[in-house]
Amino acid sequence: YLLFEKEMNIKIHLHPNYWMFQGFVETIPQGKYKREKTYCNQRNTVEWVKWGGMDMIIKRYKRPTWINCLIYTWIRKTKARRAYEHAEELLKRGFDTAFPVAYIEIRKWGIFHTGYFVSRRLPYPLIKDIPLMEISEAEKEIISTDFIRYTARLHQEGIFPKDYNAGNIFFHKEGEHYRFALIDINRLQFGRSPNEKESARFFEQMGVSISQAIECIGQYSTLRGFNTDRYIFFILLHRWRKRVQQFFKKKLLHP
């Protein structure tokens with residue numbers, strides 16, 4: 001539904017299961033709500049709020065450049081809408097993510113200005129927190145094995161996250177194994193399963209060392225039906241290309 005405030009046009013898409021939160025969601029653009037915690041307040045703003053006995057996350061996307069404002073107005077879906085729709089698609093396919101509550105798109109004078117994505121809060125730790133947690137080495141091995149299986153399943157299902165890093169993946173134990181949940185999913189890609197060259201980016205995005213990657217390669221390549229030696233070559237080639245690009249970029253910016 002739409003709200004109009006002078007020159008502003010506010011579009012709110014609310015999940016049917018959360019119709020009772022309509023009044024709260026309408027107040028989000030004015031920022032008139034109590035924050036429990038602010039996780040990020042830089043490029044984008046991520047806040048934890050409580051409303052109606054429910055823990056929710058509000059993500060406000062930084063206003064894009066003027067050219068992207070025009071693109072989001074007429075050509076491409078906004079980040080907020082993509083995050084909402086990708087969450088629905090992941091859940092539909094049996095993959096965990098924060099349940100989508102709503103997305104908000106604000107236009108000024110007919111041009112896209114700001115977007116918000118509202119979701120349930122996941123009460124789990126992030127993969128990046130593992131080094132700070134008291135977890136045995138044996139348990140870490142189980143997490144690693146389950147995570148590789150999870151990643152291979154994502155790729156086999158034609159789901160390829162472009163922001164696949166330890167700060168965007170929650171984990172928790174369920175029985176003898178671990179489950180994982182993706183967040184920051186507006187740049188998710190659905191389609192065909194990535195091939196050997198394309199999936200080699202996964203190890204680079206996760207920021208693992210070569211020695212750590214080698215331990216995972218055998219399991220991943222077996223699950224995907226890849227030739228392990230050839231897959232190692234693609235990973236090393238991808239990493240070398242990225243290092244070369246970073247070297248020349250640094251030379252150009254700081255000669």
# chains A, B, ... in the order shown; residues from 1 in each chain; ligands from 1

$ residues_around --residues "region 105-113 of chain A" --least-positions-apart "4" --cutoff "9 Å" --atoms "only C-alpha atoms" --output "PyMOL selection string"
chain A and resi 7-13+29+63-64+66+68-74+78+80-81

$ write_last_selection --atoms "N, CA, C and O atoms" --output "PDB file, in the first residue's frame"
ATOM      1  N   GLU A   7       5.744  15.854  -0.727  1.00  0.00           N
ATOM      2  CA  GLU A   7       6.394  15.424  -1.966  1.00  0.00           C
ATOM      3  C   GLU A   7       6.822  13.961  -1.914  1.00  0.00           C
ATOM      4  O   GLU A   7       7.318  13.430  -2.898  1.00  0.00           O
ATOM      5  N   MET A   8       6.619  13.275  -0.765  1.00  0.00           N
ATOM      6  CA  MET A   8       7.089  11.906  -0.613  1.00  0.00           C
ATOM      7  C   MET A   8       6.001  10.878  -0.925  1.00  0.00           C
ATOM      8  O   MET A   8       4.848  11.052  -0.563  1.00  0.00           O
ATOM      9  N   ASN A   9       6.432   9.805  -1.566  1.00  0.00           N
ATOM     10  CA  ASN A   9       5.572   8.660  -1.852  1.00  0.00           C
ATOM     11  C   ASN A   9       6.218   7.469  -1.157  1.00  0.00           C
ATOM     12  O   ASN A   9       7.331   7.090  -1.489  1.00  0.00           O
ATOM     13  N   ILE A  10       5.529   6.882  -0.173  1.00  0.00           N
ATOM     14  CA  ILE A  10       6.090   5.784   0.607  1.00  0.00           C
ATOM     15  C   ILE A  10       5.333   4.496   0.291  1.00  0.00           C
ATOM     16  O   ILE A  10       4.138   4.375   0.568  1.00  0.00           O
ATOM     17  N   LYS A  11       6.020   3.538  -0.304  1.00  0.00           N
ATOM     18  CA  LYS A  11       5.422   2.244  -0.605  1.00  0.00           C
ATOM     19  C   LYS A  11       5.819   1.249   0.478  1.00  0.00           C
ATOM     20  O   LYS A  11       7.002   1.091   0.776  1.00  0.00           O
ATOM     21  N   ILE A  12       4.825   0.580   1.075  1.00  0.00           N
ATOM     22  CA  ILE A  12       5.078  -0.412   2.114  1.00  0.00           C
ATOM     23  C   ILE A  12       4.483  -1.743   1.678  1.00  0.00           C
ATOM     24  O   ILE A  12       3.297  -1.836   1.370  1.00  0.00           O
ATOM     25  N   HIS A  13       5.330  -2.761   1.656  1.00  0.00           N
ATOM     26  CA  HIS A  13       4.857  -4.114   1.369  1.00  0.00           C
ATOM     27  C   HIS A  13       5.024  -4.912   2.656  1.00  0.00           C
ATOM     28  O   HIS A  13       6.136  -5.153   3.114  1.00  0.00           O
ATOM     29  N   PRO A  29      10.122   5.060   8.667  1.00  0.00           N
ATOM     30  CA  PRO A  29      10.831   6.141   7.962  1.00  0.00           C
ATOM     31  C   PRO A  29      11.098   7.375   8.827  1.00  0.00           C
ATOM     32  O   PRO A  29      12.054   8.113   8.579  1.00  0.00           O
ATOM     33  N   ARG A  63      21.240   5.922   0.791  1.00  0.00           N
ATOM     34  CA  ARG A  63      20.727   6.470  -0.458  1.00  0.00           C
ATOM     35  C   ARG A  63      21.760   6.281  -1.568  1.00  0.00           C
ATOM     36  O   ARG A  63      22.933   6.647  -1.421  1.00  0.00           O
ATOM     37  N   PRO A  64      21.351   5.684  -2.696  1.00  0.00           N
ATOM     38  CA  PRO A  64      22.304   5.431  -3.781  1.00  0.00           C
ATOM     39  C   PRO A  64      22.673   6.702  -4.535  1.00  0.00           C
ATOM     40  O   PRO A  64      22.125   7.772  -4.289  1.00  0.00           O
ATOM     41  N   TRP A  66      22.800   9.264  -7.730  1.00  0.00           N
ATOM     42  CA  TRP A  66      21.633   9.741  -8.480  1.00  0.00           C
ATOM     43  C   TRP A  66      21.321   8.859  -9.676  1.00  0.00           C
ATOM     44  O   TRP A  66      20.161   8.639 -10.007  1.00  0.00           O
ATOM     45  N   ASN A  68      21.860   5.618  -9.843  1.00  0.00           N
ATOM     46  CA  ASN A  68      21.221   4.408  -9.326  1.00  0.00           C
ATOM     47  C   ASN A  68      19.806   4.694  -8.836  1.00  0.00           C
ATOM     48  O   ASN A  68      18.936   3.815  -8.872  1.00  0.00           O
ATOM     49  N   CYS A  69      19.572   5.908  -8.365  1.00  0.00           N
ATOM     50  CA  CYS A  69      18.206   6.291  -7.989  1.00  0.00           C
ATOM     51  C   CYS A  69      17.274   6.167  -9.194  1.00  0.00           C
ATOM     52  O   CYS A  69      16.140   5.675  -9.075  1.00  0.00           O
ATOM     53  N   LEU A  70      17.765   6.602 -10.347  1.00  0.00           N
ATOM     54  CA  LEU A  70      16.964   6.500 -11.576  1.00  0.00           C
ATOM     55  C   LEU A  70      16.787   5.037 -11.991  1.00  0.00           C
ATOM     56  O   LEU A  70      15.696   4.633 -12.408  1.00  0.00           O
ATOM     57  N   ILE A  71      17.860   4.251 -11.843  1.00  0.00           N
ATOM     58  CA  ILE A  71      17.785   2.830 -12.199  1.00  0.00           C
ATOM     59  C   ILE A  71      16.782   2.104 -11.311  1.00  0.00           C
ATOM     60  O   ILE A  71      15.960   1.318 -11.796  1.00  0.00           O
ATOM     61  N   TYR A  72      16.821   2.400  -9.993  1.00  0.00           N
ATOM     62  CA  TYR A  72      15.891   1.746  -9.062  1.00  0.00           C
ATOM     63  C   TYR A  72      14.460   2.251  -9.239  1.00  0.00           C
ATOM     64  O   TYR A  72      13.509   1.604  -8.819  1.00  0.00           O
ATOM     65  N   THR A  73      14.295   3.386  -9.851  1.00  0.00           N
ATOM     66  CA  THR A  73      12.952   3.919 -10.089  1.00  0.00           C
ATOM     67  C   THR A  73      12.274   3.218 -11.256  1.00  0.00           C
ATOM     68  O   THR A  73      11.078   2.879 -11.177  1.00  0.00           O
ATOM     69  N   TRP A  74      13.018   2.947 -12.327  1.00  0.00           N
ATOM     70  CA  TRP A  74      12.379   2.452 -13.549  1.00  0.00           C
ATOM     71  C   TRP A  74      12.905   1.124 -14.081  1.00  0.00           C
ATOM     72  O   TRP A  74      12.220   0.469 -14.857  1.00  0.00           O
ATOM     73  N   THR A  78      14.709  -2.494  -6.136  1.00  0.00           N
ATOM     74  CA  THR A  78      15.552  -1.919  -5.091  1.00  0.00           C
ATOM     75  C   THR A  78      16.173  -3.021  -4.227  1.00  0.00           C
ATOM     76  O   THR A  78      15.705  -4.164  -4.216  1.00  0.00           O
ATOM     77  N   ALA A  80      16.043  -3.247  -1.028  1.00  0.00           N
ATOM     78  CA  ALA A  80      15.077  -3.636  -0.004  1.00  0.00           C
ATOM     79  C   ALA A  80      14.096  -4.674  -0.547  1.00  0.00           C
ATOM     80  O   ALA A  80      13.809  -5.680   0.109  1.00  0.00           O
ATOM     81  N   ARG A  81      13.595  -4.436  -1.733  1.00  0.00           N
ATOM     82  CA  ARG A  81      12.644  -5.386  -2.329  1.00  0.00           C
ATOM     83  C   ARG A  81      13.315  -6.705  -2.649  1.00  0.00           C
ATOM     84  O   ARG A  81      12.748  -7.786  -2.424  1.00  0.00           O
TER      85      ARG A  81
END

$ select_by_dssp --residues "region 30-243 of chain A" --states "alpha helix (DSSP H)" --output "MDAnalysis selection string"
chainID A and resid 66:74 79:92 137:156 196:199 201:205 210:224 228:243

$ residues_around --residues "Gly158 (chain A)" --least-positions-apart "2" --cutoff "7 Å" --atoms "only C-alpha atoms" --output "list in words"
Leu154, His155, Gln156, Phe160, Phe190, Gly191, Arg192, Ser193 and Pro194 of chain A

$ write_last_selection --atoms "N, CA, C and O atoms" --output "CSV table (one decimal), in the first residue's frame"
chain,number,residue,atom,x,y,z
A,154,LEU,N,23.6,-25.4,-1.7
A,154,LEU,CA,23.2,-24.1,-2.2
A,154,LEU,C,23.5,-24.0,-3.7
A,154,LEU,O,22.7,-23.6,-4.5
A,155,HIS,N,24.8,-24.3,-4.0
A,155,HIS,CA,25.2,-24.2,-5.4
A,155,HIS,C,24.5,-25.2,-6.3
A,155,HIS,O,24.2,-24.9,-7.5
A,156,GLN,N,24.3,-26.4,-5.8
A,156,GLN,CA,23.6,-27.4,-6.6
A,156,GLN,C,22.1,-27.0,-6.9
A,156,GLN,O,21.6,-27.3,-8.0
A,160,PHE,N,23.5,-18.7,-5.7
A,160,PHE,CA,24.9,-18.3,-5.6
A,160,PHE,C,25.0,-16.9,-4.9
A,160,PHE,O,24.8,-15.9,-5.6
A,190,PHE,N,19.9,-16.4,-8.4
A,190,PHE,CA,19.2,-17.6,-8.6
A,190,PHE,C,19.3,-18.0,-10.1
A,190,PHE,O,19.2,-17.1,-11.0
A,191,GLY,N,19.5,-19.3,-10.4
A,191,GLY,CA,19.6,-19.7,-11.7
A,191,GLY,C,20.3,-21.0,-11.8
A,191,GLY,O,20.0,-21.9,-11.0
A,192,ARG,N,21.2,-21.1,-12.8
A,192,ARG,CA,21.9,-22.4,-12.9
A,192,ARG,C,23.0,-22.6,-11.8
A,192,ARG,O,23.4,-21.6,-11.2
A,193,SER,N,23.4,-23.8,-11.6
A,193,SER,CA,24.4,-24.1,-10.7
A,193,SER,C,25.8,-23.6,-11.2
A,193,SER,O,26.1,-23.8,-12.3
A,194,PRO,N,26.6,-22.9,-10.3
A,194,PRO,CA,27.9,-22.4,-10.8
A,194,PRO,C,28.8,-23.5,-11.1
A,194,PRO,O,28.9,-24.6,-10.4

$ closest_residue --among "A:His254, A:Arg82, A:Arg201, A:Lys128" --to "Trp240 (chain A)" --atoms "only C-alpha atoms"
A:Arg201

$ closest_residue --among "A:Phe99, A:Phe203, A:Tyr116, A:Trp51" --to "Glu36 (chain A)" --atoms "only C-alpha atoms"
A:Trp51

$ atom_distance --atom1 "CA of Ile67 (chain A)" --atom2 "CA of Ile104 (chain A)"
20.0 Å

$ atom_distance --atom1 "CA of Lys173 (chain A)" --atom2 "CA of Gly94 (chain A)"
16.8 Å
